[in-house]
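*Asks:* I'd like to ask you about the structure that follows.
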Amino acid sequence: MSRNRNAAIFFAAVALLALVGCSGGQKQTADNPGGAIIRTPAGDPNGLRGATLDRPYTLPAKSLTDTDGNEFNLVTSTKKPVTLVFFGYTNCPDVCPTVMADVASALTKLDDATRKQIQLLFITTDPARDTGPVIRKYLDRFDPSFVGLTGTLPAIKDIAKAVGVPVEGMQKLPSGGYEVGHGAQVIGFGADDKANVLWLSNAAIGDLAHDFGKLVADNQ
């Protein structure tokens, strides 16, 4: 079987796992502008355990608003060599809190010096309900160092599309409320603001900790 076919099969599997809504595990569809995702059968030759990208995503130099109401540029406002990006929302009943808890737990497994080189950005997919104070209270449950960002939904969707994350907006529920369909992957960016790896929502905490540490070591 050719490498291209292997890559296509693996990408299809990743798409089904990563493109989920936050209620009932609904599968979504979306473009993947960053290119195919691949993993060699023996694992990534660079030693990473997450899903690797044959063409890296580039973090767009776009600005959103942080939980204090200040402008936050995704490129110039990030001061640490490793940036983790996750799109989610505070009313998400299952996937988002699980991923946030797993990332927080993985970070505690790193030594303090390594941990201080990593910044997580939580970008809300539900700006209508997720005000700055709401996001801050939510993130503080997991790790006070996590940065929460909001903005207009079109701006958030544009950023998400640039890094291969689908955001479908509001989906009404029979109860009268709504959920937000979005990709549940965490994306790891290095000091050059490029990402070669992402982790699905079912990634093992040990694998996250391993890869976070390796990204820091590779970006010193």
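Ordering of the structure tokens sets the chain letters (A, B, ...), residue numbers begin anew at 1 in every chain, and ligands are numbered from 1 in the order given.
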Using only C-alpha atoms, which residues sit within 9 Å of Asp143 of chain A once same-chain residues fewer than 4 positions away are excluded, as a PDB file with all heavy atoms, in the first residue's frame?

*Replies:*
```pdb
ATOM      1  N   MET A 100      -9.526  19.622  28.925  1.00  0.00           N
ATOM      2  CA  MET A 100      -8.864  20.587  29.794  1.00  0.00           C
ATOM      3  C   MET A 100      -8.255  19.911  31.020  1.00  0.00           C
ATOM      4  O   MET A 100      -7.127  20.207  31.434  1.00  0.00           O
ATOM      5  CB  MET A 100      -9.845  21.674  30.228  1.00  0.00           C
ATOM      6  CG  MET A 100     -10.252  22.651  29.131  1.00  0.00           C
ATOM      7  SD  MET A 100      -8.883  23.667  28.497  1.00  0.00           S
ATOM      8  CE  MET A 100      -8.374  22.666  27.092  1.00  0.00           C
ATOM      9  N   ALA A 101      -8.989  18.983  31.603  1.00  0.00           N
ATOM     10  CA  ALA A 101      -8.484  18.264  32.773  1.00  0.00           C
ATOM     11  C   ALA A 101      -7.278  17.406  32.408  1.00  0.00           C
ATOM     12  O   ALA A 101      -6.307  17.325  33.178  1.00  0.00           O
ATOM     13  CB  ALA A 101      -9.589  17.403  33.381  1.00  0.00           C
ATOM     14  N   ALA A 104      -4.251  19.718  31.874  1.00  0.00           N
ATOM     15  CA  ALA A 104      -3.791  20.199  33.176  1.00  0.00           C
ATOM     16  C   ALA A 104      -3.046  19.106  33.932  1.00  0.00           C
ATOM     17  O   ALA A 104      -1.998  19.349  34.545  1.00  0.00           O
ATOM     18  CB  ALA A 104      -4.971  20.712  33.994  1.00  0.00           C
ATOM     19  N   LEU A 139     -11.736  28.273  33.407  1.00  0.00           N
ATOM     20  CA  LEU A 139     -10.362  27.813  33.260  1.00  0.00           C
ATOM     21  C   LEU A 139      -9.649  27.667  34.595  1.00  0.00           C
ATOM     22  O   LEU A 139      -8.782  26.804  34.751  1.00  0.00           O
ATOM     23  CB  LEU A 139      -9.589  28.771  32.353  1.00  0.00           C
ATOM     24  CG  LEU A 139     -10.019  28.808  30.886  1.00  0.00           C
ATOM     25  CD1 LEU A 139      -9.184  29.821  30.118  1.00  0.00           C
ATOM     26  CD2 LEU A 139      -9.935  27.429  30.244  1.00  0.00           C
TER      27      LEU A 139
END
```

*Asks:* How close does each residue of segment 80-179 of chain A get to segment 62-74 of chain A, giving the shortest atom pair and distance in Å to one decimal for every residue with an atom at most 10 Å away, counting only C-alpha atoms, sorted by chain and residue number, as a Markdown table?

*Replies:*
```
| residue | atom | partner | partner_atom | distance |
| --- | --- | --- | --- | --- |
| A:Thr83 | CA | A:Leu74 | CA | 9.4 |
| A:Val85 | CA | A:Leu74 | CA | 9.7 |
| A:Leu121 | CA | A:Leu74 | CA | 8.7 |
| A:Phe122 | CA | A:Asp66 | CA | 9.8 |
| A:Ile123 | CA | A:Leu64 | CA | 8.8 |
| A:Asp130 | CA | A:Thr67 | CA | 9.7 |
| A:Thr131 | CA | A:Thr67 | CA | 7.5 |
| A:Gly132 | CA | A:Thr67 | CA | 3.9 |
| A:Pro133 | CA | A:Thr67 | CA | 6.2 |
| A:Val134 | CA | A:Thr67 | CA | 8.3 |
| A:Ile135 | CA | A:Thr67 | CA | 6.7 |
| A:Arg136 | CA | A:Thr67 | CA | 6.0 |
| A:Lys137 | CA | A:Thr67 | CA | 9.6 |
| A:Val147 | CA | A:Asp66 | CA | 7.1 |
| A:Gly148 | CA | A:Asp66 | CA | 5.7 |
| A:Leu149 | CA | A:Asp66 | CA | 4.5 |
| A:Thr150 | CA | A:Thr65 | CA | 5.3 |
| A:Gly151 | CA | A:Leu64 | CA | 5.3 |
| A:Thr152 | CA | A:Leu64 | CA | 8.4 |
| A:Ala155 | CA | A:Leu64 | CA | 8.2 |
| A:Ile156 | CA | A:Leu64 | CA | 8.2 |
| A:Asp158 | CA | A:Lys62 | CA | 9.4 |
| A:Ile159 | CA | A:Lys62 | CA | 7.4 |
```

*Asks:* Any chance you could list, as a list in words, the residues in segment 150-201 of chain A that come up helix (DSSP H, G or I) when DSSP is run on the backbone?

*Replies:*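 Listing helix (DSSP H, G or I) positions across segment 150-201 of chain A yields Leu153, Pro154, Ala155, Ile156, Lys157, Asp158, Ile159, Ala160, Lys161 and Ala162 of chain A.
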
*Asks:* Contacts of Leu198 of chain A at 10 Å or less, counting only C-alpha atoms, minus same-chain residues fewer than 6 places along, as a short mmCIF file (atom, residue, chain, number, x, y, z; two decimals) with C-alpha atoms, in the first residue's frame?

*Replies:*
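Everything below was put into selection_2.cif:
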```cif
data_model
loop_
_atom_site.label_atom_id
_atom_site.label_comp_id
_atom_site.auth_asym_id
_atom_site.auth_seq_id
_atom_site.Cartn_x
_atom_site.Cartn_y
_atom_site.Cartn_z
CA ALA A 18 -11.41 14.74 16.11
CA ILE A 37 -2.33 14.02 8.83
CA LEU A 48 6.18 12.41 19.29
CA ARG A 49 3.19 10.29 20.24
CA GLY A 50 0.44 12.55 18.90
CA ALA A 51 -0.84 12.70 15.32
CA THR A 52 1.76 14.33 13.08
CA LEU A 53 1.22 16.65 10.14
CA LEU A 84 -1.10 24.73 22.93
CA VAL A 85 -4.36 25.75 21.25
CA GLN A 185 -8.06 18.39 19.08
CA VAL A 186 -5.29 20.18 20.97
CA ILE A 187 -2.68 21.63 18.59
CA GLY A 188 0.96 22.12 19.59
CA PHE A 189 2.86 25.12 18.18
CA LEU A 208 0.52 14.37 26.37
CA ASP A 211 5.06 15.27 23.92
#
```

*Asks:* Quick one: of A:Arg115, A:Asn91, A:Ser145, A:Ser105, who's nearest to Asp207 of chain A, counting only C-alpha atoms?

*Replies:*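 So, comparing all the options, the nearest one is A:Ser105.
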
*Asks:* With distances taken over only C-alpha atoms, which of A:Leu107, A:Val82, A:Cys92, A:Ala204 is nearest to Gly190 of chain A?

*Replies:*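 For Gly190 of chain A, the nearest of the given residues is A:Val82.
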
*Asks:* Find the residue from A:Ala160, A:Leu59, A:Met170, A:Leu215 that sits nearest to Asn46 of chain A; use only C-alpha atoms when measuring.

*Replies:*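 Of A:Ala160, A:Leu59, A:Met170, A:Leu215, the one nearest Asn46 of chain A is A:Leu215, counting only C-alpha atoms.
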
*Asks:* Just give me the gap between atom CA of Ile118 of chain A and atom CA of Ala203 of chain A in Å, one decimal is fine.

*Replies:*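 The value is 18.1 Å.
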
*Asks:* If you run DSSP on this backbone, which residues of segment 117-163 of chain A come out as strand (DSSP E), and could you give them as JSON, numbers by chain?

*Replies:* {"A": [118, 119, 120, 121, 122, 123, 124, 147, 148, 149, 150]}

*Asks:* Work out how far apart atom CA of Pro60 of chain A and atom CA of Tyr178 of chain A are and give it in Å to one decimal.

*Replies:*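 So the two atoms, atom CA of Pro60 of chain A and atom CA of Tyr178 of chain A, lie 28.7 Å apart.
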
*Asks:* So which residues touch Asp111 of chain A within 12 Å, counting only C-alpha atoms, skipping near sequence neighbours fewer than 4 positions away, as JSON, numbers by chain?

*Replies:* {"A": [106, 107, 115, 116, 117, 118, 209, 210, 212, 213, 216]}

*Asks:* When you look at Lys157 of chain A with a cut-off of 12 Å (counting only C-alpha atoms), what residues show up, excluding the ones that are within fewer than 2 positions of it in the same chain? I need them as a count of residues only.

*Replies:* 31
